[in-house]
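Participant: A single structure is presented below for examination.
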2 protein chains.
Amino acid sequence: MKKTMRILLSENEMPMKWYNIQADMPNKMLPPLHPGTKQPIEPDDLSPLFPMELIKQEVSQERWIDIPEEVADVYKLFRPSPLHRAYQLEKLLDTPAKIYYKNESVSPSGSHKTNTAIPQAFYNKKEGVKRITTETGAGQWGSALSFATNHFGIDLKVFMVRVSFNQKPYRKIMMNTWNADVVASPSNSTESGRGVLAVDPDSSGSLGIAISEAIEMAAQDDNTKYSLGSVLNHVLMHQTIIGLETIKQFEKTDDYPDIVIASFGGGSNFAGISFPFIHKNISEGKKTRFIAVEPVSCPKLTRGKFMYDFGDNVGLTPLLPMFSLGHNFVPASIHAGGLRYHGAGAIVSQLLKDKIIEANAVEQLECFEAGVLFARCEGIIPAPETCHAIAQVIREAKKAKVEGVEKTILFNFSGHGYFDMASYGQYFNGELSNYSISDDEIMKSISKQEEVVLF
Amino acid sequence: MKKTMRILLSENEMPMKWYNIQADMPNKMLPPLHPGTKQPIEPDDLSPLFPMELIKQEVSQERWIDIPEEVADVYKLFRPSPLHRAYQLEKLLDTPAKIYYKNESVSPSGSHKTNTAIPQAFYNKKEGVKRITTETGAGQWGSALSFATNHFGIDLKVFMVRVSFNQKPYRKIMMNTWNADVVASPSNSTESGRGVLAVDPDSSGSLGIAISEAIEMAAQDDNTKYSLGSVLNHVLMHQTIIGLETIKQFEKTDDYPDIVIASFGGGSNFAGISFPFIHKNISEGKKTRFIAVEPVSCPKLTRGKFMYDFGDNVGLTPLLPMFSLGHNFVPASIHAGGLRYHGAGAIVSQLLKDKIIEANAVEQLECFEAGVLFARCEGIIPAPETCHAIAQVIREAKKAKVEGVEKTILFNFSGHGYFDMASYGQYFNGELSNYSISDDEIMKSISKQEEVVLF
């Protein structure tokens with residue numbers, strides 16, 4: 001047959017620069033504010049938490065940033081990742097749309113998170129950092145960073161949200177395999193954790209609490225820094241290798257995406273695949289649409305407010321200009337743990353405000369239905385987070401059929417679901433449900449913030 | 001950097017023929033015998049169990065057998081698979097050896113088993129089969145076949161060894177995702193199963209019992225056939241795409257393997273990587289060595305006898321000329337479930353008898369130690385089965401260091417360990433042990449057979 005299922009790049013075709021969209025934004029993002037003074041933060045304010053090179057990247061206005069050789073060498077354990085054409089899915093949907101997916105599940109820890117874990121560990125190592133702290137929810141970020149810190153010989157302490165710690169022991173063992181020290185959060189190791197436990201000894205934890213714990217521990221020790229797996233500018237930038245590779249892969253076909261789709265938690269897998277194509281829109285007048293897909297139960301992009309808010313529960317982070325549901329928002333216990341975060345990265349928030357990107361929310365059951373359909377057609381079983389993108393892809397493909405238009409749809413297959421089979425089991429047993437959330441609930445959560453709502 | 005980590009092939013470089021080593025064996029394998037008459041079986045004897053095309057492949061003496069386009073199309077969802085150079089592992093071992101691994105973990109179900117599941121499902125479909133029965137232990141075979149039968153629209157009934165059914169619910173859910181009907185074996189669905197349960201209602205099952213159940217059910221229904229994931233000639237042949245690709249990949253380097261290593265259960269992943277290189281030895285005078293690696297606790301190759309034996313416990317299969325520990329041998333509960341089988345495929349057994357291949361046995365703890373080391377160096381976490389190959393690779397690499405010889409070592413990375421993290425957890429907790437087995441125990445198990453021991 002003549003159809004090409006997978007478009008591959010050789011190692012010497014791997015991009016050696018990340019793309020920094022800050023150089024091209026029509027409206028720059030607003031500055032992060034110091035949580036105490038409410039004044040724009042200076043690079044030095046962040047130095048207790050991050051190595052200087054990452055702080056520089058966070059604020060850089062350079063369009064292209066070199067990928068160090070040491071980072072590229074580790075990327076090459078699994079990169080460039082394949083771009084697949086989903087012929088089977090197209091056939092089943094009987095759609096004129098062409099569906100492509102970039103397969104980020106091929107990394108050691110099974111998701112795109114490794115793309116930023118590696119450079120973050122590298123820059124920390126280079127600046128003499130001995131230990132990193134971080135948080136993890138579903139475990140994809142914690143395992144990606146474990147792999148990377150182990151590679152560069154840095155100790156890692158992971159605060160894993162207690163409910164996941166109990167439900168997903170295999171993610172914990174994976175992190176242990178890569179030498180990480182994993183504790184359930186809230187823990188007794190930090191004041192933030194002890195504070196929560198004092199009020200509720202049985203607290204099942206949250207990502208916001210775990211972030212507070214990790215930051216607190218990093219801030220107290222000169223040899224320890226903190227690392228975040230999404231939201232921040234440098235994190236999103238590291239992910240752009242996804243889209244940059246995809247552009248090269250499309251150059252080997254006759255196609256170009258009309259729509260780019262990715263699931264949305266803090267913004268990193270969405271940014272990774274879409275920012276380089278946004279650059280194409282800006283620099284070459286392309287007309288690609290970009291759709292970020294979030295859960296109906298955590299609708300910061302579609303129903304949140306654009307405002308200055310904290311990244312964590314306790315309020316230790318700088319105030320970021322973000323679409324948010326309020327930093328004390330507690331999302332329903334959906335299985336896409338990676339999407340259960342109250343806020344969106346500042347750059348993505350600005351792009352949404354400026355209507356350069358779009359957002360949509362989908363229900364949990366529609367996501368699992370889409371994931372099962374995908375697994376049956378294409379083989380790989382998607383992570384629940386990734387199912388959100390697939391659900392949107394199916395919607396667009398059906399729309400293309402109704403309209404009789406041959407669209408090219410690209411989505412980011414951000415991770416596999418091999419550590420999420422319990423949730424598929426619950427889905428098959430009819431034990432999962434959708435979650436609605438009222439405007440009142442959202443307004444109540446947002447209005448608790450004392451910060452300025454920008455519009 | 002100039003080092004190439006992964007050698008990739010494009011889809012149009014994928015081999016379109018399997019290699020049938022029966023054409024080149026210096027001594028042909030002895031014929032399988034009918035369990036009743038003890039006479040060589042005829043193709044028709046097998047037709048209740050297998051479609052005619054697979055029976056023809058089982059006895060074919062043709063060197064090359066075409067891969068049907070419909071099969072190639074499904075292979076291309078994940079094939080050609082990458083050949084990796086394990087630079088990090090080499091560096092850690094400080095060895096002059098060059099270590100390469102063929103990565104078969106990239107298939108939908110995570111192991112090489114998919115390579116034969118797809119053609120088996122295809123030929124059954126082509127001949128109008130409506131349902132297939134099979135057995136699975138650790139679950140790698142059952143999930144591979146589930147993926148394939150779902151693709152071609154055939155029903156699948158999987159008899160899963162009860163101890164695995166209980167310990168590995170996620171493998172079961174994976175099979176359900178691909179529409180398979182999975183029951184714990186021994187079950188009440190067959191006479192074989194009921195017979196075992198009558199004696200021991202709490203039986204935890206064995207691969208031999210599960211095979212008996214699957215065969216019994218297939219034999220009773222004209223529209224139902226049986227499928228086996230290893231041992232048989234056609235199964236081993238389907239796996240040769242692994243080695244054929246690897247040869248093409250080595251042609252893109254300056255290297256060629258001095259040693260080929262693979263773990264050994266029934267012989268399929270070992271055959272897959274080694275047979276095409278054995279062909280090179282025979283046809284081009286290459287001098288590659290081939291090492292099959294089995295667990296010390298199930299040492300059919302290193303301590304079994306070459307004899308006619310059954311493939312299952314009850315005695316429903318033809319008698320096969322194989323290295324065996326006796327078909328009622330019950331191996332210790334090691335975590336490499338895929339290697340807990342009493343016998344070796346007939347072709348591989350003949351090759352071992354003829355000293356064309358070698359065998360070695362390794363202990364469980366050495367395997368996990370090797371697996372953890374590998375995961376820390378190369379990223380991917382290996383299945384416990386695959387760890388056996390890695391343990392042997394490390395031995396050879398250390399030997400190369402002592403001898404100061406720059407050998408090229410190739411091994412088959414047969415599958416990932418994402419569904420085996422519980423066993424890694426037990427390893428880290430010091431809960432695993434080695435298992436020795438006395439000559440007496442082995443002789444007792446072997447002498448129970450009434451069949452002719454050939455030497």
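All residue names refer to the structure tokens as shown: chains lettered A, B, ... in order, residues numbered from 1 in each chain, ligands numbered from 1 in order.
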With the cut-off set at 12 Å and counting only C-alpha atoms, tabulate each residue of segment 41-99 of chain A with an atom at most that distance from an atom of segment 152-156 of chain A, showing the nearest atom pair and its distance in Å to one decimal, ordered by chain and increasing number, as CSV.

Facilitator:
residue,atom,partner,partner_atom,distance
A:Glu70,CA,A:Phe152,CA,9.8
A:Val71,CA,A:Phe152,CA,10.1
A:Asp73,CA,A:Phe152,CA,11.9
A:Val74,CA,A:Phe152,CA,10.0

Participant: Kindly export the residues of the current selection with all heavy atoms, as a CSV table (one decimal), in the first residue's frame.

Facilitator:
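Saved file again_23.csv follows:
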chain,number,residue,atom,x,y,z
A,70,GLU,N,23.8,18.6,25.6
A,70,GLU,CA,23.6,17.6,26.6
A,70,GLU,C,22.1,17.2,26.7
A,70,GLU,O,21.8,16.1,27.1
A,70,GLU,CB,24.1,18.1,28.0
A,70,GLU,CG,25.6,18.3,28.1
A,70,GLU,CD,26.0,19.8,27.6
A,70,GLU,OE1,25.3,20.4,26.8
A,70,GLU,OE2,27.0,20.2,28.1
A,71,VAL,N,21.3,18.2,26.5
A,71,VAL,CA,19.8,18.0,26.5
A,71,VAL,C,19.4,17.2,25.3
A,71,VAL,O,18.6,16.2,25.3
A,71,VAL,CB,19.0,19.3,26.6
A,71,VAL,CG1,17.5,19.1,26.4
A,71,VAL,CG2,19.3,20.0,27.9
A,73,ASP,N,21.1,15.2,23.6
A,73,ASP,CA,21.5,13.8,23.7
A,73,ASP,C,20.5,12.9,24.4
A,73,ASP,O,20.3,11.8,24.1
A,73,ASP,CB,22.9,13.7,24.4
A,73,ASP,CG,24.1,14.0,23.5
A,73,ASP,OD1,23.8,14.3,22.3
A,73,ASP,OD2,25.2,13.9,24.0
A,74,VAL,N,19.9,13.5,25.4
A,74,VAL,CA,18.9,12.7,26.2
A,74,VAL,C,17.6,12.7,25.4
A,74,VAL,O,16.9,11.7,25.4
A,74,VAL,CB,18.7,13.3,27.6
A,74,VAL,CG1,17.9,12.3,28.5
A,74,VAL,CG2,20.1,13.5,28.3

Participant: Running DSSP on the backbone, which parts of segment 66-122 of chain A land in alpha helix (DSSP H), as a ChimeraX atom specification?

Facilitator: /A:69-75,87-93,114-122

Participant: Restrict the distance test to only C-alpha atoms, flag each residue of chain A within 6 Å of chain B, and return the flagged residues as a VMD selection string.

Facilitator: chain A and resid 108 170 173 178 376 379 to 380 421 425

Participant: Please save all heavy atoms of the selected residues as a compact mmCIF listing (two decimals), in the first residue's frame.

Facilitator:
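Dumped everything to selection_18.txt:
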# COMPACT_ATOMS: atom_id res chain seq x y z
N PRO A 108 10.31 7.89 27.93
CA PRO A 108 10.46 6.89 28.99
C PRO A 108 9.32 6.87 30.00
O PRO A 108 8.86 5.81 30.40
CB PRO A 108 11.78 7.29 29.67
CG PRO A 108 12.56 7.97 28.61
CD PRO A 108 11.53 8.69 27.75
N TYR A 170 1.72 2.25 41.26
CA TYR A 170 2.70 1.89 40.23
C TYR A 170 3.45 3.11 39.71
O TYR A 170 4.61 3.02 39.30
CB TYR A 170 2.02 1.14 39.08
CG TYR A 170 1.42 -0.17 39.53
CD1 TYR A 170 0.49 -0.84 38.75
CD2 TYR A 170 1.79 -0.75 40.75
CE1 TYR A 170 -0.06 -2.05 39.17
CE2 TYR A 170 1.24 -1.95 41.18
CZ TYR A 170 0.32 -2.60 40.39
OH TYR A 170 -0.22 -3.79 40.80
N ILE A 173 6.16 3.57 42.17
CA ILE A 173 7.27 2.62 41.99
C ILE A 173 8.11 3.02 40.78
O ILE A 173 9.33 2.90 40.78
CB ILE A 173 6.72 1.18 41.82
CG1 ILE A 173 5.99 0.75 43.10
CG2 ILE A 173 7.86 0.21 41.53
CD1 ILE A 173 5.18 -0.53 42.94
N TRP A 178 13.56 5.30 39.26
CA TRP A 178 14.49 6.35 38.85
C TRP A 178 15.00 7.13 40.07
O TRP A 178 15.37 8.29 39.96
CB TRP A 178 13.82 7.26 37.83
CG TRP A 178 13.65 6.59 36.50
CD1 TRP A 178 14.58 5.85 35.83
CD2 TRP A 178 12.49 6.59 35.64
NE1 TRP A 178 14.06 5.39 34.63
CE2 TRP A 178 12.79 5.83 34.49
CE3 TRP A 178 11.22 7.17 35.74
CZ2 TRP A 178 11.89 5.62 33.45
CZ3 TRP A 178 10.31 6.97 34.71
CH2 TRP A 178 10.64 6.21 33.58
N ARG A 376 -9.19 1.14 19.93
CA ARG A 376 -9.64 0.07 19.04
C ARG A 376 -9.20 0.30 17.61
O ARG A 376 -8.93 -0.65 16.87
CB ARG A 376 -11.16 -0.09 19.15
CG ARG A 376 -11.55 -0.69 20.48
CD ARG A 376 -13.04 -0.90 20.68
NE ARG A 376 -13.23 -1.45 22.04
CZ ARG A 376 -14.39 -1.48 22.67
NH1 ARG A 376 -15.48 -1.02 22.10
NH2 ARG A 376 -14.46 -1.99 23.89
N GLY A 379 -4.68 1.38 18.21
CA GLY A 379 -3.82 0.52 19.02
C GLY A 379 -3.46 1.11 20.36
O GLY A 379 -3.76 0.52 21.38
N ILE A 380 -2.82 2.27 20.37
CA ILE A 380 -2.37 2.83 21.65
C ILE A 380 -3.55 3.23 22.51
O ILE A 380 -4.51 3.83 22.02
CB ILE A 380 -1.51 4.10 21.47
CG1 ILE A 380 -0.64 4.02 20.23
CG2 ILE A 380 -0.67 4.36 22.71
CD1 ILE A 380 0.05 5.34 19.95
N MET A 421 -5.32 2.21 33.69
CA MET A 421 -6.26 1.18 33.29
C MET A 421 -7.40 1.03 34.29
O MET A 421 -8.50 0.64 33.92
CB MET A 421 -5.54 -0.16 33.08
CG MET A 421 -4.53 -0.17 31.93
SD MET A 421 -5.10 0.56 30.37
CE MET A 421 -6.39 -0.60 29.92
N GLY A 425 -11.32 0.53 33.52
CA GLY A 425 -12.13 -0.52 34.13
C GLY A 425 -13.42 0.06 34.73
O GLY A 425 -14.51 -0.48 34.53

Participant: Please identify all polymer residues within 8 Å of segment 204-217 of chain B, counting only C-alpha atoms, omitting same-chain residues fewer than 6 positions from it, and present them as a PDB file with N, CA and C atoms, in the first residue's frame.

Facilitator:
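Listing of out13.pdb after writing:
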ATOM      1  N   LEU B  49      -8.126 -26.957  14.728  1.00  0.00           N
ATOM      2  CA  LEU B  49      -7.576 -25.929  15.606  1.00  0.00           C
ATOM      3  C   LEU B  49      -7.073 -24.685  14.886  1.00  0.00           C
ATOM      4  N   THR B 133      -9.996 -18.873  20.433  1.00  0.00           N
ATOM      5  CA  THR B 133      -9.725 -19.063  21.866  1.00  0.00           C
ATOM      6  C   THR B 133      -8.207 -19.051  22.063  1.00  0.00           C
ATOM      7  N   THR B 134      -7.794 -18.592  23.219  1.00  0.00           N
ATOM      8  CA  THR B 134      -6.370 -18.654  23.552  1.00  0.00           C
ATOM      9  C   THR B 134      -6.198 -18.628  25.059  1.00  0.00           C
ATOM     10  N   GLU B 135      -4.953 -18.796  25.478  1.00  0.00           N
ATOM     11  CA  GLU B 135      -4.624 -18.702  26.892  1.00  0.00           C
ATOM     12  C   GLU B 135      -3.648 -17.542  27.061  1.00  0.00           C
ATOM     13  N   THR B 136      -3.550 -17.046  28.282  1.00  0.00           N
ATOM     14  CA  THR B 136      -2.493 -16.074  28.562  1.00  0.00           C
ATOM     15  C   THR B 136      -2.056 -16.207  30.012  1.00  0.00           C
ATOM     16  N   GLY B 137      -0.755 -15.984  30.228  1.00  0.00           N
ATOM     17  CA  GLY B 137      -0.231 -16.038  31.582  1.00  0.00           C
ATOM     18  C   GLY B 137      -0.087 -14.617  32.092  1.00  0.00           C
ATOM     19  N   VAL B 158     -10.333 -15.428  26.038  1.00  0.00           N
ATOM     20  CA  VAL B 158      -9.005 -15.609  26.634  1.00  0.00           C
ATOM     21  C   VAL B 158      -9.130 -16.324  27.985  1.00  0.00           C
ATOM     22  N   PHE B 159      -8.447 -17.449  28.115  1.00  0.00           N
ATOM     23  CA  PHE B 159      -8.342 -18.121  29.404  1.00  0.00           C
ATOM     24  C   PHE B 159      -7.070 -17.611  30.077  1.00  0.00           C
ATOM     25  N   MET B 160      -7.270 -16.816  31.120  1.00  0.00           N
ATOM     26  CA  MET B 160      -6.130 -16.179  31.788  1.00  0.00           C
ATOM     27  C   MET B 160      -5.837 -16.937  33.086  1.00  0.00           C
ATOM     28  N   VAL B 161      -4.609 -17.383  33.226  1.00  0.00           N
ATOM     29  CA  VAL B 161      -4.208 -18.124  34.424  1.00  0.00           C
ATOM     30  C   VAL B 161      -4.691 -17.369  35.675  1.00  0.00           C
ATOM     31  N   ARG B 162      -5.416 -18.059  36.535  1.00  0.00           N
ATOM     32  CA  ARG B 162      -6.139 -17.373  37.612  1.00  0.00           C
ATOM     33  C   ARG B 162      -5.244 -16.485  38.470  1.00  0.00           C
ATOM     34  N   VAL B 163      -4.045 -16.949  38.769  1.00  0.00           N
ATOM     35  CA  VAL B 163      -3.176 -16.142  39.634  1.00  0.00           C
ATOM     36  C   VAL B 163      -2.858 -14.800  38.974  1.00  0.00           C
ATOM     37  N   SER B 185      -8.746 -18.963  34.497  1.00  0.00           N
ATOM     38  CA  SER B 185      -8.583 -20.400  34.287  1.00  0.00           C
ATOM     39  C   SER B 185      -7.870 -21.008  35.486  1.00  0.00           C
ATOM     40  N   PRO B 186      -8.301 -22.162  35.993  1.00  0.00           N
ATOM     41  CA  PRO B 186      -9.363 -23.032  35.483  1.00  0.00           C
ATOM     42  C   PRO B 186     -10.750 -22.411  35.622  1.00  0.00           C
ATOM     43  N   THR B 190     -15.162 -25.359  30.572  1.00  0.00           N
ATOM     44  CA  THR B 190     -14.646 -26.528  29.852  1.00  0.00           C
ATOM     45  C   THR B 190     -14.550 -27.727  30.790  1.00  0.00           C
ATOM     46  N   GLU B 191     -14.507 -28.892  30.163  1.00  0.00           N
ATOM     47  CA  GLU B 191     -14.324 -30.113  30.944  1.00  0.00           C
ATOM     48  C   GLU B 191     -12.946 -30.100  31.625  1.00  0.00           C
ATOM     49  N   SER B 192     -11.942 -29.648  30.862  1.00  0.00           N
ATOM     50  CA  SER B 192     -10.593 -29.583  31.440  1.00  0.00           C
ATOM     51  C   SER B 192     -10.598 -28.728  32.700  1.00  0.00           C
ATOM     52  N   GLY B 193     -11.252 -27.588  32.613  1.00  0.00           N
ATOM     53  CA  GLY B 193     -11.291 -26.676  33.748  1.00  0.00           C
ATOM     54  C   GLY B 193     -12.075 -27.263  34.908  1.00  0.00           C
ATOM     55  N   THR B 224     -14.912 -21.868  15.542  1.00  0.00           N
ATOM     56  CA  THR B 224     -13.930 -21.405  16.522  1.00  0.00           C
ATOM     57  C   THR B 224     -12.586 -22.087  16.272  1.00  0.00           C
ATOM     58  N   TYR B 226      -8.197 -22.033  17.462  1.00  0.00           N
ATOM     59  CA  TYR B 226      -7.322 -21.806  18.607  1.00  0.00           C
ATOM     60  C   TYR B 226      -6.078 -21.057  18.124  1.00  0.00           C
ATOM     61  N   GLY B 311       2.298 -30.047  24.731  1.00  0.00           N
ATOM     62  CA  GLY B 311       2.379 -28.603  24.965  1.00  0.00           C
ATOM     63  C   GLY B 311       1.505 -28.160  26.120  1.00  0.00           C
ATOM     64  N   ASP B 312       0.541 -28.977  26.508  1.00  0.00           N
ATOM     65  CA  ASP B 312      -0.392 -28.586  27.574  1.00  0.00           C
ATOM     66  C   ASP B 312      -0.365 -29.613  28.707  1.00  0.00           C
ATOM     67  N   ASN B 313      -1.122 -29.325  29.743  1.00  0.00           N
ATOM     68  CA  ASN B 313      -1.125 -30.217  30.913  1.00  0.00           C
ATOM     69  C   ASN B 313      -1.926 -31.484  30.698  1.00  0.00           C
ATOM     70  N   VAL B 314      -3.096 -31.320  30.055  1.00  0.00           N
ATOM     71  CA  VAL B 314      -4.024 -32.441  29.958  1.00  0.00           C
ATOM     72  C   VAL B 314      -3.562 -33.443  28.908  1.00  0.00           C
ATOM     73  N   GLY B 315      -2.830 -32.972  27.896  1.00  0.00           N
ATOM     74  CA  GLY B 315      -2.365 -33.871  26.846  1.00  0.00           C
ATOM     75  C   GLY B 315      -3.232 -33.835  25.603  1.00  0.00           C
ATOM     76  N   LEU B 316      -3.714 -32.665  25.261  1.00  0.00           N
ATOM     77  CA  LEU B 316      -4.569 -32.528  24.073  1.00  0.00           C
ATOM     78  C   LEU B 316      -3.767 -32.164  22.829  1.00  0.00           C
ATOM     79  N   HIS B 327       5.508 -32.040  30.962  1.00  0.00           N
ATOM     80  CA  HIS B 327       4.375 -31.116  30.800  1.00  0.00           C
ATOM     81  C   HIS B 327       3.594 -30.884  32.082  1.00  0.00           C
ATOM     82  N   ASN B 328       3.950 -31.576  33.150  1.00  0.00           N
ATOM     83  CA  ASN B 328       3.308 -31.257  34.428  1.00  0.00           C
ATOM     84  C   ASN B 328       4.226 -30.475  35.372  1.00  0.00           C
ATOM     85  N   VAL B 330       5.722 -27.646  37.361  1.00  0.00           N
ATOM     86  CA  VAL B 330       5.159 -26.394  37.884  1.00  0.00           C
ATOM     87  C   VAL B 330       6.288 -25.487  38.346  1.00  0.00           C
ATOM     88  N   TYR B 341       7.223 -21.712  31.303  1.00  0.00           N
ATOM     89  CA  TYR B 341       6.630 -22.735  30.445  1.00  0.00           C
ATOM     90  C   TYR B 341       7.593 -23.913  30.386  1.00  0.00           C
TER      91      TYR B 341
END

Participant: When distances are computed from only C-alpha atoms, which of A:Leu83, A:Gly337, A:His234, A:Ala359 shows the smallest separation from Gln140 of chain A?

Facilitator: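 Looking only at the distances to Gln140 of chain A, the closest residue turns out to be A:Gly337.
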
Participant: Let me make sure I understand: among A:Tyr256, A:Phe277, A:Tyr123, A:Tyr308, which one has the smallest atom-to-atom distance to Pro31 of chain A if we use only C-alpha atoms?

Facilitator: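 Of A:Tyr256, A:Phe277, A:Tyr123, A:Tyr308, the one nearest Pro31 of chain A, counting only C-alpha atoms, is A:Tyr308.
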
Participant: Do a neighbour search on Glu441 of chain B at 12 Å with only C-alpha atoms, toss out local chain neighbours closer than 5 positions, and write the hits as a PyMOL selection string.

Facilitator: chain B and resi 297-299+303-304+325-326+328-331+436+446-448
